[in-house]
Amino acid sequence: MQTPRPTDRGLALEELRKGTNCHRAGELGLAQSHYLRAVKLDPANADAWHLLGVAALQSGNLQLATKRLRTCLQHQPRHAEAHNNLGVALRRLERHAEASTAFRDALAARERYVEAAYNLGLTLETIGDDAGAERAYRDALGWRENYVDAAINLGNLRRRHGRFSDALGLLELAQRLAPERAQTNGNLALILIDVERFADAARFAHTAIAIEPEAPQWWRALGVAQRLQRDLDAAIASLRRAVELAPRDEVAAFELGLALQDAGAIDEARSVYARLLASGAGNERLRWTHALSLPSVYADEAAIDAERARFADGLRQIGARLRLNTAREIQEACDAACGVSPFLLHYQPRDNTALQCQFGDLALRVMSSVAADLVEPGQFVDAGGNAIDVAREIRAAQLDVLVYLEIGMDPRHQALATLRLAPVQCALYGHPATSGLPNVDFFLSGTALEPADAQGHYRERLVCLPGIGAQPLRPPAAGNGAWFEQIASGPPLLLCLQNFIKLEPSFDATLARIAASSGARIGLVPRNPPLTQRFRARIERVFAQHGVDPGKQLLFLPVQTHADYLAGIRLAPLVLDPPSFSGGATSLDAFSVGTPVLTRDGPMARGRQSSAMLRVMGIEELIADDEDDYVAKAVRLVRDESGRQSLRRRIEQRQAMLFDDPAPVKAFADFLLTASERPV
């Protein structure tokens, strides 16, 4: 190559100066013309070749950019920026191994080169080298503490690995450094969902949407946060918007289905799941959710039977097509077992033992494939994030007895309980239904709760502790009942405190008969606005069929604090308890303020909680024999104020038998001391 004359070098530098000025002004074509003149005058001018490479990179011509940047490095091998930009071009060409080398060469050419470290992290994360990516991001952030993008990526990487505490700190830092960016607010919202700070998550998702209103991922984050806060109307609207903006976003569509299902819109939820399955989104959790979905409110008794048949068929289908041969199949099945619960099955007024046991066998089949070593009994010493990680921690603790407080309320607990994590495993009746799981040995209930044939309702061996099987904490002191006084003028206002999922269709007619015969109004407690709308339509229709004006004799109470809610219950003449799934905490609330609760014995423990409390207190006249007796007793009590006052005095005198009796706790302690010696 001919050596350029000094005058040519000078002219080349002038062309380079003109080119950089055009480049800064956004005139990319003119800039490239000047750079080309520069390299023609001085072919060894590395800076001109570098800027030609940058211009090609910016215009999207990646092959040309790579060629020009390599030419630069031939003339100046330690040109750090050229190595970095070459890496960027190679990464966009998906030549990741070469890109990694280029970024490492950039770091070798310049110490503490922040951008090169960050780019290396991006590339290593793309090829699955998360440990290397974390080191690179950490270096970049260590060299520049306010590097927002490094904080975001490092935070998201740690979030993906379940290191939520570390991730939260990094993503909070990124948001503080750049509060005007949608990405910092949106990613912070996502980690806040993971750590169950749903209100904060919704706030930051709203901010991200205000900055980028057409970004579907922020609408999805907002909808998930709202769903988990139980703000279902808002969640459905947000998730519909996410799906509208990103029709192929399967996660947003699935979340929309969950929100619709939680809101009681079971038919639309199932349609969403079916469309996802038809589109090929066949992950196992979606299949389980679709097949085992249940309504919260039923139109009538026939609908309950139809749904039970559908649920049973869903169990058969899942079992028949379940494949557990590959790591992916096993992980998907584990996600399903840890994410789907037959919770609403327990509120059907039927004997659900067989279906629950079938679900338990299915869950055990899955979890056995995930962690076979945790299913069979292990070696335990007599010493008188992720569900599987938790299970291993429990197993490592070498417990003598493991007690689950409420299997069925959280699908992760149910998944854990499929495994053998202690020599003896028990379930308390925090949720009064059998776990259906073969590795749960004992179910601890109360003598006052269980009928004579109770063992047939459990897969576990039933152990009955004294009374109601527990010593419950007293509710807080009652607050201000002025809200109730404002709505209680006029005909007597009787309260039904249960969640609407507990109120079977036939009980609507019972309430209507009481209202028709006594002239009393029935007050109900809404908890889930969309579900309330569906339940309200059903019960108002039944009231009208019984000649009762629902506008006058049916009242949905305003939301109160717990203390003020208790004050309202104290002022109510009577609480009406349903038979199939009776009150637990709600009946304890009523008895704590002296208010009578009228109930019936259901066939299983879940329908005998209130009657058990009354038996413990010796006030059995509030337990009706059947529906007709229930209606007659309610009407009589509405008209008999002196009788109600007598009941109040007796409840107040005897409520200590519920709240202050240590016998169940002592019996539980005795059970634990001897549990490992009991035959299973």
# chains A, B, ... in the order shown; residues from 1 in each chain; ligands from 1
>>> select_by_dssp(residues="stretch 251-389 of chain A", states="helix (DSSP H, G or I)", output="PyMOL selection string")
chain A and resi 251-262+266-278+284-292+301-321+327-337+343-347+353-370+372-374+387-389
>>> write_last_selection(atoms="C-alpha atoms", output="tab-separated table (two decimals), in the first residue's frame")
chain	number	residue	atom	x	y	z
A	251	VAL	CA	-49.68	-15.18	28.99
A	252	ALA	CA	-51.95	-12.12	28.82
A	253	ALA	CA	-54.78	-14.21	27.40
A	254	PHE	CA	-54.36	-16.86	30.10
A	255	GLU	CA	-54.35	-14.18	32.80
A	256	LEU	CA	-57.53	-12.76	31.27
A	257	GLY	CA	-59.09	-16.21	31.54
A	258	LEU	CA	-58.10	-16.45	35.21
A	259	ALA	CA	-59.57	-13.01	35.94
A	260	LEU	CA	-62.83	-13.91	34.19
A	261	GLN	CA	-62.97	-17.19	36.11
A	262	ASP	CA	-62.37	-15.42	39.44
A	266	ILE	CA	-66.86	-19.14	33.75
A	267	ASP	CA	-68.23	-19.56	30.21
A	268	GLU	CA	-66.13	-16.71	28.81
A	269	ALA	CA	-63.08	-17.89	30.76
A	270	ARG	CA	-63.44	-21.36	29.25
A	271	SER	CA	-63.76	-19.80	25.79
A	272	VAL	CA	-60.46	-17.99	26.33
A	273	TYR	CA	-58.76	-21.23	27.45
A	274	ALA	CA	-60.25	-23.13	24.50
A	275	ARG	CA	-58.99	-20.55	22.00
A	276	LEU	CA	-55.51	-20.76	23.50
A	277	LEU	CA	-55.55	-24.55	23.27
A	278	ALA	CA	-56.79	-24.40	19.66
A	284	GLU	CA	-50.06	-28.44	30.93
A	285	ARG	CA	-51.26	-25.77	33.35
A	286	LEU	CA	-53.59	-24.38	30.68
A	287	ARG	CA	-54.99	-27.85	30.00
A	288	TRP	CA	-55.60	-28.48	33.71
A	289	THR	CA	-57.12	-25.05	34.25
A	290	HIS	CA	-59.53	-25.53	31.35
A	291	ALA	CA	-60.49	-29.10	32.20
A	292	LEU	CA	-60.90	-28.54	35.96
A	301	GLU	CA	-78.93	-28.06	41.40
A	302	ALA	CA	-78.81	-29.60	37.92
A	303	ALA	CA	-75.93	-27.28	37.03
A	304	ILE	CA	-73.95	-28.61	40.00
A	305	ASP	CA	-74.35	-32.20	38.81
A	306	ALA	CA	-73.37	-31.24	35.25
A	307	GLU	CA	-70.24	-29.51	36.47
A	308	ARG	CA	-69.27	-32.49	38.63
A	309	ALA	CA	-69.50	-34.72	35.58
A	310	ARG	CA	-67.36	-32.27	33.60
A	311	PHE	CA	-64.77	-32.16	36.40
A	312	ALA	CA	-64.61	-35.95	36.61
A	313	ASP	CA	-64.21	-36.18	32.83
A	314	GLY	CA	-61.47	-33.53	32.99
A	315	LEU	CA	-59.55	-35.62	35.52
A	316	ARG	CA	-59.81	-38.66	33.23
A	317	GLN	CA	-58.63	-36.70	30.20
A	318	ILE	CA	-55.67	-35.17	32.02
A	319	GLY	CA	-54.62	-38.54	33.39
A	320	ALA	CA	-54.92	-40.23	30.00
A	321	ARG	CA	-52.82	-37.71	28.09
A	327	ALA	CA	-37.62	-32.53	31.44
A	328	ARG	CA	-40.00	-30.07	29.78
A	329	GLU	CA	-43.03	-32.33	30.22
A	330	ILE	CA	-42.18	-32.87	33.88
A	331	GLN	CA	-41.67	-29.15	34.55
A	332	GLU	CA	-44.95	-28.22	32.83
A	333	ALA	CA	-46.80	-30.84	34.84
A	334	CYS	CA	-45.21	-29.56	38.05
A	335	ASP	CA	-46.31	-26.01	37.18
A	336	ALA	CA	-49.83	-27.34	36.69
A	337	ALA	CA	-49.89	-29.26	39.97
A	343	PHE	CA	-60.80	-25.39	45.74
A	344	LEU	CA	-64.26	-24.64	44.33
A	345	LEU	CA	-65.09	-28.36	44.27
A	346	HIS	CA	-65.23	-28.26	48.07
A	347	TYR	CA	-68.12	-25.78	47.96
A	353	THR	CA	-64.24	-37.37	48.71
A	354	ALA	CA	-63.84	-39.61	45.67
A	355	LEU	CA	-63.15	-36.73	43.26
A	356	GLN	CA	-60.70	-35.17	45.71
A	357	CYS	CA	-58.85	-38.47	46.03
A	358	GLN	CA	-58.68	-38.80	42.23
A	359	PHE	CA	-57.15	-35.33	42.05
A	360	GLY	CA	-54.75	-36.31	44.83
A	361	ASP	CA	-53.59	-39.35	42.86
A	362	LEU	CA	-53.06	-37.20	39.78
A	363	ALA	CA	-51.02	-34.64	41.75
A	364	LEU	CA	-48.95	-37.42	43.34
A	365	ARG	CA	-48.23	-38.92	39.92
A	366	VAL	CA	-46.85	-35.57	38.77
A	367	MET	CA	-44.84	-34.71	41.86
A	368	SER	CA	-43.36	-38.22	41.99
A	369	SER	CA	-41.85	-37.58	38.57
A	370	VAL	CA	-40.43	-34.24	39.71
A	372	ALA	CA	-39.14	-39.18	43.34
A	373	ASP	CA	-36.68	-39.06	46.22
A	374	LEU	CA	-39.13	-36.94	48.21
A	387	ALA	CA	-42.12	-25.83	45.66
A	388	ILE	CA	-39.39	-28.42	45.15
A	389	ASP	CA	-36.74	-26.22	46.82
>>> residues_around(residues="A:Tyr630", least_positions_apart="5", cutoff="9 Å", atoms="only C-alpha atoms", output="PyMOL selection string")
chain A and resi 510+514+598-600+622-625+635
>>> write_last_selection(atoms="C-alpha atoms", output="PDB file, in the first residue's frame")
ATOM      1  CA  THR A 510     -84.852 -20.920  52.012  1.00  0.00           C
ATOM      2  CA  ILE A 514     -88.040 -16.661  55.534  1.00  0.00           C
ATOM      3  CA  LEU A 598     -79.326 -20.207  63.107  1.00  0.00           C
ATOM      4  CA  THR A 599     -77.905 -23.257  61.353  1.00  0.00           C
ATOM      5  CA  ARG A 600     -78.497 -26.829  60.219  1.00  0.00           C
ATOM      6  CA  LEU A 622     -80.421 -22.879  67.179  1.00  0.00           C
ATOM      7  CA  ILE A 623     -79.727 -26.079  65.192  1.00  0.00           C
ATOM      8  CA  ALA A 624     -82.653 -26.840  62.866  1.00  0.00           C
ATOM      9  CA  ASP A 625     -83.644 -30.386  61.880  1.00  0.00           C
ATOM     10  CA  VAL A 635     -89.684 -16.761  61.578  1.00  0.00           C
TER      11      VAL A 635
END
>>> atom_distance(atom1="atom CA of A:Leu190", atom2="atom CA of A:Ala235")
15.0 Å
>>> select_by_dssp(residues="stretch 441-518 of chain A", states="strand (DSSP E or B)", output="PyMOL selection string")
chain A and resi 442-446+461-465+493-496
>>> residues_around(residues="A:Ala537", least_positions_apart="5", cutoff="10 Å", atoms="only C-alpha atoms", output="short mmCIF file (atom, residue, chain, number, x, y, z; two decimals) with N, CA, C and O atoms, in the first residue's frame")
data_model
loop_
_atom_site.label_atom_id
_atom_site.label_comp_id
_atom_site.auth_asym_id
_atom_site.auth_seq_id
_atom_site.Cartn_x
_atom_site.Cartn_y
_atom_site.Cartn_z
N ALA A 299 -76.49 -21.95 38.74
CA ALA A 299 -77.86 -21.53 38.45
C ALA A 299 -78.87 -22.36 39.23
O ALA A 299 -79.88 -21.85 39.71
N THR A 532 -70.68 -10.94 42.69
CA THR A 532 -71.90 -10.45 43.32
C THR A 532 -72.98 -10.21 42.27
O THR A 532 -74.17 -10.52 42.49
N VAL A 542 -85.12 -15.83 42.31
CA VAL A 542 -85.77 -16.76 43.24
C VAL A 542 -86.71 -16.01 44.18
O VAL A 542 -87.83 -16.46 44.46
#
>>> residues_around(residues="stretch 485-497 of chain A", least_positions_apart="6", cutoff="6 Å", atoms="only C-alpha atoms", output="short mmCIF file (atom, residue, chain, number, x, y, z; two decimals) with N, CA, C and O atoms, in the first residue's frame")
data_model
loop_
_atom_site.label_atom_id
_atom_site.label_comp_id
_atom_site.auth_asym_id
_atom_site.auth_seq_id
_atom_site.Cartn_x
_atom_site.Cartn_y
_atom_site.Cartn_z
N ALA A 520 -89.18 -10.00 57.15
CA ALA A 520 -87.83 -9.49 57.40
C ALA A 520 -87.08 -9.27 56.10
O ALA A 520 -87.41 -9.84 55.05
N ARG A 521 -86.06 -8.43 56.18
CA ARG A 521 -85.14 -8.26 55.07
C ARG A 521 -83.92 -9.16 55.28
O ARG A 521 -83.56 -9.49 56.41
N ILE A 522 -83.29 -9.55 54.20
CA ILE A 522 -82.10 -10.40 54.24
C ILE A 522 -80.91 -9.56 53.78
O ILE A 522 -80.91 -9.04 52.66
N GLY A 523 -79.90 -9.43 54.64
CA GLY A 523 -78.68 -8.69 54.30
C GLY A 523 -77.54 -9.63 53.96
O GLY A 523 -77.26 -10.58 54.71
N LEU A 524 -76.91 -9.40 52.83
CA LEU A 524 -75.80 -10.23 52.35
C LEU A 524 -74.53 -9.40 52.25
O LEU A 524 -74.59 -8.18 52.07
N VAL A 525 -73.39 -10.06 52.34
CA VAL A 525 -72.10 -9.37 52.39
C VAL A 525 -71.34 -9.59 51.09
O VAL A 525 -70.80 -10.70 50.87
N LEU A 574 -80.38 -11.60 64.01
CA LEU A 574 -80.12 -13.02 63.76
C LEU A 574 -79.20 -13.16 62.56
O LEU A 574 -79.29 -12.39 61.60
N VAL A 575 -78.31 -14.18 62.60
CA VAL A 575 -77.48 -14.55 61.46
C VAL A 575 -77.98 -15.88 60.92
O VAL A 575 -78.22 -16.84 61.68
N LEU A 576 -78.16 -15.95 59.60
CA LEU A 576 -78.64 -17.15 58.93
C LEU A 576 -77.47 -17.87 58.26
O LEU A 576 -76.78 -17.31 57.41
#
>>> atom_distance(atom1="atom CA of A:Leu322", atom2="atom CA of A:Tyr404")
27.5 Å
>>> residues_around(residues="A:Leu57", least_positions_apart="2", cutoff="12 Å", atoms="only C-alpha atoms", output="PyMOL selection string")
chain A and resi 28+32+50-55+59-69+82+84-93
>>> write_last_selection(atoms="N, CA, C and O atoms", output="compact mmCIF listing (two decimals), in the first residue's frame")
# COMPACT_ATOMS: atom_id res chain seq x y z
N LEU A 28 -26.60 11.17 7.79
CA LEU A 28 -25.78 9.97 7.73
C LEU A 28 -25.17 9.77 6.35
O LEU A 28 -24.00 9.37 6.22
N GLN A 32 -21.09 9.59 5.56
CA GLN A 32 -20.39 8.47 4.94
C GLN A 32 -19.57 8.91 3.73
O GLN A 32 -18.47 8.39 3.49
N HIS A 50 -13.53 3.11 11.38
CA HIS A 50 -14.45 2.86 12.50
C HIS A 50 -15.77 3.59 12.30
O HIS A 50 -16.85 3.01 12.44
N LEU A 51 -15.69 4.87 11.92
CA LEU A 51 -16.92 5.65 11.76
C LEU A 51 -17.72 5.18 10.54
O LEU A 51 -18.95 5.23 10.54
N LEU A 52 -17.03 4.70 9.51
CA LEU A 52 -17.76 4.07 8.40
C LEU A 52 -18.51 2.83 8.88
O LEU A 52 -19.65 2.57 8.47
N GLY A 53 -17.86 2.07 9.77
CA GLY A 53 -18.54 0.90 10.33
C GLY A 53 -19.73 1.28 11.18
O GLY A 53 -20.79 0.65 11.12
N VAL A 54 -19.58 2.35 11.98
CA VAL A 54 -20.69 2.82 12.82
C VAL A 54 -21.86 3.27 11.94
O VAL A 54 -23.03 2.96 12.21
N ALA A 55 -21.56 4.00 10.86
CA ALA A 55 -22.62 4.47 9.96
C ALA A 55 -23.35 3.29 9.31
O ALA A 55 -24.58 3.30 9.19
N SER A 59 -27.30 2.23 9.81
CA SER A 59 -28.21 2.12 8.67
C SER A 59 -28.73 0.70 8.49
O SER A 59 -29.53 0.44 7.59
N GLY A 60 -28.28 -0.24 9.33
CA GLY A 60 -28.77 -1.61 9.29
C GLY A 60 -28.02 -2.54 8.37
O GLY A 60 -28.43 -3.70 8.21
N ASN A 61 -26.94 -2.08 7.77
CA ASN A 61 -26.16 -2.94 6.88
C ASN A 61 -25.09 -3.64 7.72
O ASN A 61 -23.94 -3.19 7.81
N LEU A 62 -25.48 -4.74 8.33
CA LEU A 62 -24.62 -5.37 9.33
C LEU A 62 -23.39 -6.02 8.71
O LEU A 62 -22.30 -6.00 9.31
N GLN A 63 -23.53 -6.64 7.55
CA GLN A 63 -22.38 -7.27 6.92
C GLN A 63 -21.31 -6.24 6.56
O GLN A 63 -20.12 -6.45 6.79
N LEU A 64 -21.75 -5.11 5.97
CA LEU A 64 -20.81 -4.05 5.63
C LEU A 64 -20.17 -3.46 6.89
O LEU A 64 -18.97 -3.16 6.92
N ALA A 65 -20.98 -3.29 7.96
CA ALA A 65 -20.45 -2.77 9.22
C ALA A 65 -19.35 -3.69 9.74
O ALA A 65 -18.27 -3.22 10.17
N THR A 66 -19.60 -5.00 9.70
CA THR A 66 -18.60 -5.96 10.19
C THR A 66 -17.30 -5.85 9.39
O THR A 66 -16.20 -5.82 9.95
N LYS A 67 -17.42 -5.75 8.06
CA LYS A 67 -16.24 -5.66 7.20
C LYS A 67 -15.43 -4.40 7.51
O LYS A 67 -14.19 -4.45 7.65
N ARG A 68 -16.10 -3.25 7.63
CA ARG A 68 -15.40 -1.99 7.87
C ARG A 68 -14.76 -1.96 9.25
O ARG A 68 -13.64 -1.45 9.41
N LEU A 69 -15.45 -2.51 10.27
CA LEU A 69 -14.89 -2.51 11.62
C LEU A 69 -13.69 -3.45 11.70
O LEU A 69 -12.71 -3.15 12.42
N ALA A 82 -14.09 0.10 18.36
CA ALA A 82 -14.31 -0.73 17.18
C ALA A 82 -14.61 -2.17 17.59
O ALA A 82 -15.50 -2.82 17.02
N ASN A 84 -16.03 -3.08 20.39
CA ASN A 84 -17.38 -3.07 20.96
C ASN A 84 -18.45 -3.02 19.86
O ASN A 84 -19.43 -3.77 19.87
N ASN A 85 -18.26 -2.12 18.89
CA ASN A 85 -19.26 -1.99 17.82
C ASN A 85 -19.28 -3.22 16.90
O ASN A 85 -20.34 -3.60 16.38
N LEU A 86 -18.10 -3.83 16.71
CA LEU A 86 -18.07 -5.09 15.96
C LEU A 86 -18.91 -6.14 16.69
O LEU A 86 -19.67 -6.90 16.07
N GLY A 87 -18.76 -6.19 18.02
CA GLY A 87 -19.56 -7.13 18.81
C GLY A 87 -21.06 -6.88 18.65
O GLY A 87 -21.85 -7.82 18.53
N VAL A 88 -21.46 -5.59 18.62
CA VAL A 88 -22.88 -5.25 18.44
C VAL A 88 -23.38 -5.78 17.09
O VAL A 88 -24.46 -6.38 17.00
N ALA A 89 -22.60 -5.55 16.03
CA ALA A 89 -23.00 -6.02 14.69
C ALA A 89 -23.10 -7.54 14.66
O ALA A 89 -24.06 -8.10 14.11
N LEU A 90 -22.12 -8.22 15.25
CA LEU A 90 -22.13 -9.68 15.25
C LEU A 90 -23.29 -10.23 16.07
O LEU A 90 -23.90 -11.25 15.71
N ARG A 91 -23.61 -9.57 17.19
CA ARG A 91 -24.75 -10.03 17.99
C ARG A 91 -26.05 -9.90 17.21
O ARG A 91 -26.91 -10.79 17.24
N ARG A 92 -26.20 -8.80 16.46
CA ARG A 92 -27.41 -8.63 15.66
C ARG A 92 -27.48 -9.65 14.53
O ARG A 92 -28.57 -10.01 14.07
N LEU A 93 -26.32 -10.12 14.10
CA LEU A 93 -26.28 -11.18 13.09
C LEU A 93 -26.42 -12.56 13.72
O LEU A 93 -26.36 -13.57 13.00
>>> closest_residue(among="A:Asp194, A:Glu94, A:Asp166, A:Glu115", to="A:Trp143", atoms="only C-alpha atoms")
A:Glu115
>>> residues_around(residues="A:Glu14", least_positions_apart="4", cutoff="9 Å", atoms="only C-alpha atoms", output="JSON, numbers by chain")
{"A": [9, 10, 18, 19, 34, 38]}
>>> write_last_selection(atoms="all heavy atoms", output="short mmCIF file (atom, residue, chain, number, x, y, z; two decimals), in the first residue's frame")
data_model
loop_
_atom_site.label_atom_id
_atom_site.label_comp_id
_atom_site.auth_asym_id
_atom_site.auth_seq_id
_atom_site.Cartn_x
_atom_site.Cartn_y
_atom_site.Cartn_z
N ARG A 9 -2.81 13.17 4.33
CA ARG A 9 -3.25 12.88 5.70
C ARG A 9 -4.02 14.06 6.27
O ARG A 9 -5.05 13.91 6.93
CB ARG A 9 -2.06 12.57 6.60
CG ARG A 9 -1.41 11.22 6.33
CD ARG A 9 -0.55 10.83 7.53
NE ARG A 9 0.16 9.60 7.27
CZ ARG A 9 1.42 9.54 6.84
NH1 ARG A 9 2.10 10.66 6.59
NH2 ARG A 9 2.01 8.38 6.63
N GLY A 10 -3.51 15.23 6.01
CA GLY A 10 -4.21 16.42 6.49
C GLY A 10 -5.58 16.57 5.88
O GLY A 10 -6.56 16.90 6.57
N LYS A 18 -15.37 16.93 8.88
CA LYS A 18 -16.63 17.25 8.23
C LYS A 18 -17.65 16.11 8.39
O LYS A 18 -18.83 16.34 8.62
CB LYS A 18 -16.40 17.54 6.75
CG LYS A 18 -15.62 18.81 6.47
CD LYS A 18 -15.39 18.98 4.96
CE LYS A 18 -14.59 20.25 4.66
NZ LYS A 18 -14.33 20.38 3.21
N GLY A 19 -17.12 14.89 8.25
CA GLY A 19 -18.00 13.73 8.39
C GLY A 19 -18.61 13.63 9.78
O GLY A 19 -19.82 13.37 9.93
N HIS A 34 -18.01 11.77 3.35
CA HIS A 34 -16.77 12.35 3.87
C HIS A 34 -15.84 11.26 4.40
O HIS A 34 -14.61 11.32 4.18
CB HIS A 34 -17.08 13.35 4.98
CG HIS A 34 -17.69 14.63 4.48
ND1 HIS A 34 -17.04 15.51 3.64
CD2 HIS A 34 -18.92 15.19 4.71
CE1 HIS A 34 -17.82 16.55 3.37
NE2 HIS A 34 -18.98 16.38 4.01
N ALA A 38 -12.07 10.25 3.22
CA ALA A 38 -10.96 10.19 4.17
C ALA A 38 -10.15 8.91 3.98
O ALA A 38 -8.91 8.95 3.94
CB ALA A 38 -11.48 10.28 5.60
#
>>> residues_around(residues="A:Leu141", least_positions_apart="6", cutoff="7 Å", atoms="only C-alpha atoms", output="PyMOL selection string")
chain A and resi 147+150-151
>>> write_last_selection(atoms="all heavy atoms", output="PDB file, in the first residue's frame")
ATOM      1  N   TYR A 147     -25.720   3.273  36.137  1.00  0.00           N
ATOM      2  CA  TYR A 147     -25.976   2.694  34.814  1.00  0.00           C
ATOM      3  C   TYR A 147     -27.334   1.991  34.866  1.00  0.00           C
ATOM      4  O   TYR A 147     -27.454   0.846  35.299  1.00  0.00           O
ATOM      5  CB  TYR A 147     -24.859   1.726  34.439  1.00  0.00           C
ATOM      6  CG  TYR A 147     -24.808   1.348  32.969  1.00  0.00           C
ATOM      7  CD1 TYR A 147     -23.790   0.542  32.486  1.00  0.00           C
ATOM      8  CD2 TYR A 147     -25.769   1.780  32.062  1.00  0.00           C
ATOM      9  CE1 TYR A 147     -23.715   0.171  31.146  1.00  0.00           C
ATOM     10  CE2 TYR A 147     -25.709   1.434  30.724  1.00  0.00           C
ATOM     11  CZ  TYR A 147     -24.687   0.628  30.274  1.00  0.00           C
ATOM     12  OH  TYR A 147     -24.633   0.277  28.949  1.00  0.00           O
ATOM     13  N   ALA A 150     -27.894  -1.523  33.023  1.00  0.00           N
ATOM     14  CA  ALA A 150     -27.254  -2.651  33.708  1.00  0.00           C
ATOM     15  C   ALA A 150     -28.053  -3.049  34.942  1.00  0.00           C
ATOM     16  O   ALA A 150     -28.220  -4.241  35.237  1.00  0.00           O
ATOM     17  CB  ALA A 150     -25.822  -2.279  34.093  1.00  0.00           C
ATOM     18  N   ALA A 151     -28.572  -2.064  35.660  1.00  0.00           N
ATOM     19  CA  ALA A 151     -29.394  -2.374  36.836  1.00  0.00           C
ATOM     20  C   ALA A 151     -30.661  -3.119  36.427  1.00  0.00           C
ATOM     21  O   ALA A 151     -31.074  -4.084  37.080  1.00  0.00           O
ATOM     22  CB  ALA A 151     -29.752  -1.082  37.581  1.00  0.00           C
TER      23      ALA A 151
END
>>> closest_residue(among="A:Glu27, A:Asp508, A:Asp660, A:Asp628", to="A:Glu540", atoms="only C-alpha atoms")
A:Asp508
>>> closest_residue(among="A:Arg459, A:Ala97, A:Leu449, A:Ala109", to="A:Asn352", atoms="only C-alpha atoms")
A:Arg459
>>> atom_distance(atom1="atom CA of A:Ala433", atom2="atom CA of A:Thr586")
18.0 Å
>>> closest_residue(among="A:Leu154, A:Ile211, A:Leu36, A:Leu30", to="A:Pro179", atoms="only C-alpha atoms")
A:Ile211
>>> closest_residue(among="A:Ala675, A:Ala612, A:Cys338, A:Leu462", to="A:Pro411", atoms="only C-alpha atoms")
A:Cys338
>>> closest_residue(among="A:Gln533, A:Asn528, A:Ala477, A:Ala265", to="A:Val559", atoms="only C-alpha atoms")
A:Asn528
